[in-house]
Amino acid sequence: MSRIAELANTASPVLAAMLDELRSAVSMPSSEWADAVGEIERIGRFADAARVAIAAAAASSGRAVPAVAESLGAQSGTDALARCAGISAPEARRRIRLAEALTPERSMTGALVAERFPVLAEALRTAAIG
């Protein structure tokens, strides 16, 4: 099992318990409800950042078919991400475009080139935005 799968398996029961608690959201005091909304959004922003981070592997990086897509027998990175994530091709393309803009790249010489939007990339990584 990969480290990512281990972490997801650890987080899943906690998220399920949170979801169970939210069934009583209609009867929560407004201050408690407001806190819950903020926390749910914070968790969602971390999930958004993870979705973009994992999509980076499906970006072409100058190859006709990204290595991860090729190894899965997919026609493209978009195809591989859409199939594995169970999302539409347009959503997969959106995530890959975000990853391309917000992830450092390698130049033809192998040097690391900073992401195109470093402030936005940092905000996404720290879950300041989603």
# chains A, B, ... in the order shown; residues from 1 in each chain; ligands from 1
call {"tool": "residues_around", "arguments": {"residues": "Arg51 (chain A)", "least_positions_apart": "3", "cutoff": "10 Å", "atoms": "only C-alpha atoms", "output": "PyMOL selection string"}}
result
chain A and resi 45-48+54-56+85+92+95-96+98-99
call {"tool": "residues_around", "arguments": {"residues": "region 69-74 of chain A", "least_positions_apart": "5", "cutoff": "7 Å", "atoms": "only C-alpha atoms", "output": "number ranges by chain"}}
result
A: 58, 79-80
call {"tool": "closest_residue", "arguments": {"among": "A:Ala36, A:Arg42, A:Ser61, A:Pro29", "to": "Gly110 (chain A)", "atoms": "only C-alpha atoms"}}
result
A:Ser61
call {"tool": "residues_around", "arguments": {"residues": "Gln75 (chain A)", "least_positions_apart": "6", "cutoff": "12 Å", "atoms": "only C-alpha atoms", "output": "list in words"}}
result
Ala58, Ser60, Ala64, Val65, Pro66, Ala67, Val68, Ala69, Leu81, Ala82, Arg83 and Ala89 of chain A
call {"tool": "write_last_selection", "arguments": {"atoms": "all heavy atoms", "output": "short mmCIF file (atom, residue, chain, number, x, y, z; two decimals), in the first residue's frame"}}
result
data_model
loop_
_atom_site.label_atom_id
_atom_site.label_comp_id
_atom_site.auth_asym_id
_atom_site.auth_seq_id
_atom_site.Cartn_x
_atom_site.Cartn_y
_atom_site.Cartn_z
N ALA A 58 -0.04 13.85 -14.65
CA ALA A 58 -0.74 13.61 -15.92
C ALA A 58 -0.45 14.69 -16.95
O ALA A 58 -0.90 14.59 -18.09
CB ALA A 58 -2.25 13.51 -15.67
N SER A 60 1.70 16.74 -19.68
CA SER A 60 2.55 16.17 -20.74
C SER A 60 4.03 16.41 -20.54
O SER A 60 4.84 15.57 -20.92
CB SER A 60 2.11 16.68 -22.11
OG SER A 60 2.36 18.07 -22.19
N ALA A 64 4.41 13.44 -25.80
CA ALA A 64 3.11 13.29 -26.46
C ALA A 64 2.10 12.66 -25.49
O ALA A 64 0.99 13.12 -25.37
CB ALA A 64 3.25 12.44 -27.71
N VAL A 65 2.53 11.61 -24.80
CA VAL A 65 1.69 10.94 -23.80
C VAL A 65 2.51 10.87 -22.52
O VAL A 65 3.60 10.30 -22.50
CB VAL A 65 1.28 9.53 -24.26
CG1 VAL A 65 0.44 8.84 -23.20
CG2 VAL A 65 0.51 9.58 -25.57
N PRO A 66 2.00 11.45 -21.42
CA PRO A 66 2.74 11.39 -20.16
C PRO A 66 3.03 9.95 -19.74
O PRO A 66 2.25 9.04 -20.03
CB PRO A 66 1.80 12.06 -19.16
CG PRO A 66 0.88 12.88 -19.98
CD PRO A 66 0.74 12.16 -21.29
N ALA A 67 4.15 9.76 -19.06
CA ALA A 67 4.58 8.41 -18.66
C ALA A 67 3.50 7.69 -17.86
O ALA A 67 3.24 6.50 -18.08
CB ALA A 67 5.87 8.49 -17.86
N VAL A 68 2.85 8.38 -16.93
CA VAL A 68 1.83 7.72 -16.11
C VAL A 68 0.66 7.27 -16.98
O VAL A 68 0.13 6.18 -16.79
CB VAL A 68 1.37 8.63 -14.93
CG1 VAL A 68 0.57 9.82 -15.43
CG2 VAL A 68 0.59 7.85 -13.91
N ALA A 69 0.28 8.08 -17.95
CA ALA A 69 -0.83 7.71 -18.84
C ALA A 69 -0.43 6.51 -19.70
O ALA A 69 -1.21 5.56 -19.86
CB ALA A 69 -1.21 8.89 -19.72
N LEU A 81 -6.30 10.57 -16.06
CA LEU A 81 -6.84 11.21 -14.87
C LEU A 81 -8.35 11.06 -14.79
O LEU A 81 -8.90 10.72 -13.73
CB LEU A 81 -6.45 12.69 -14.83
CG LEU A 81 -6.86 13.46 -13.58
CD1 LEU A 81 -6.26 12.85 -12.32
CD2 LEU A 81 -6.44 14.93 -13.72
N ALA A 82 -9.03 11.26 -15.90
CA ALA A 82 -10.50 11.14 -15.91
C ALA A 82 -10.92 9.73 -15.52
O ALA A 82 -11.82 9.54 -14.69
CB ALA A 82 -11.04 11.50 -17.29
N ARG A 83 -10.24 8.73 -16.08
CA ARG A 83 -10.59 7.34 -15.77
C ARG A 83 -10.31 6.98 -14.31
O ARG A 83 -11.16 6.40 -13.64
CB ARG A 83 -9.79 6.39 -16.67
CG ARG A 83 -10.64 5.77 -17.75
CD ARG A 83 -9.95 4.59 -18.38
NE ARG A 83 -8.89 5.03 -19.28
CZ ARG A 83 -7.84 4.29 -19.58
NH1 ARG A 83 -7.69 3.10 -19.08
NH2 ARG A 83 -6.93 4.74 -20.40
N ALA A 89 -13.72 14.37 -18.68
CA ALA A 89 -12.51 14.81 -19.38
C ALA A 89 -12.32 16.33 -19.23
O ALA A 89 -11.18 16.77 -18.99
CB ALA A 89 -12.56 14.40 -20.84
#
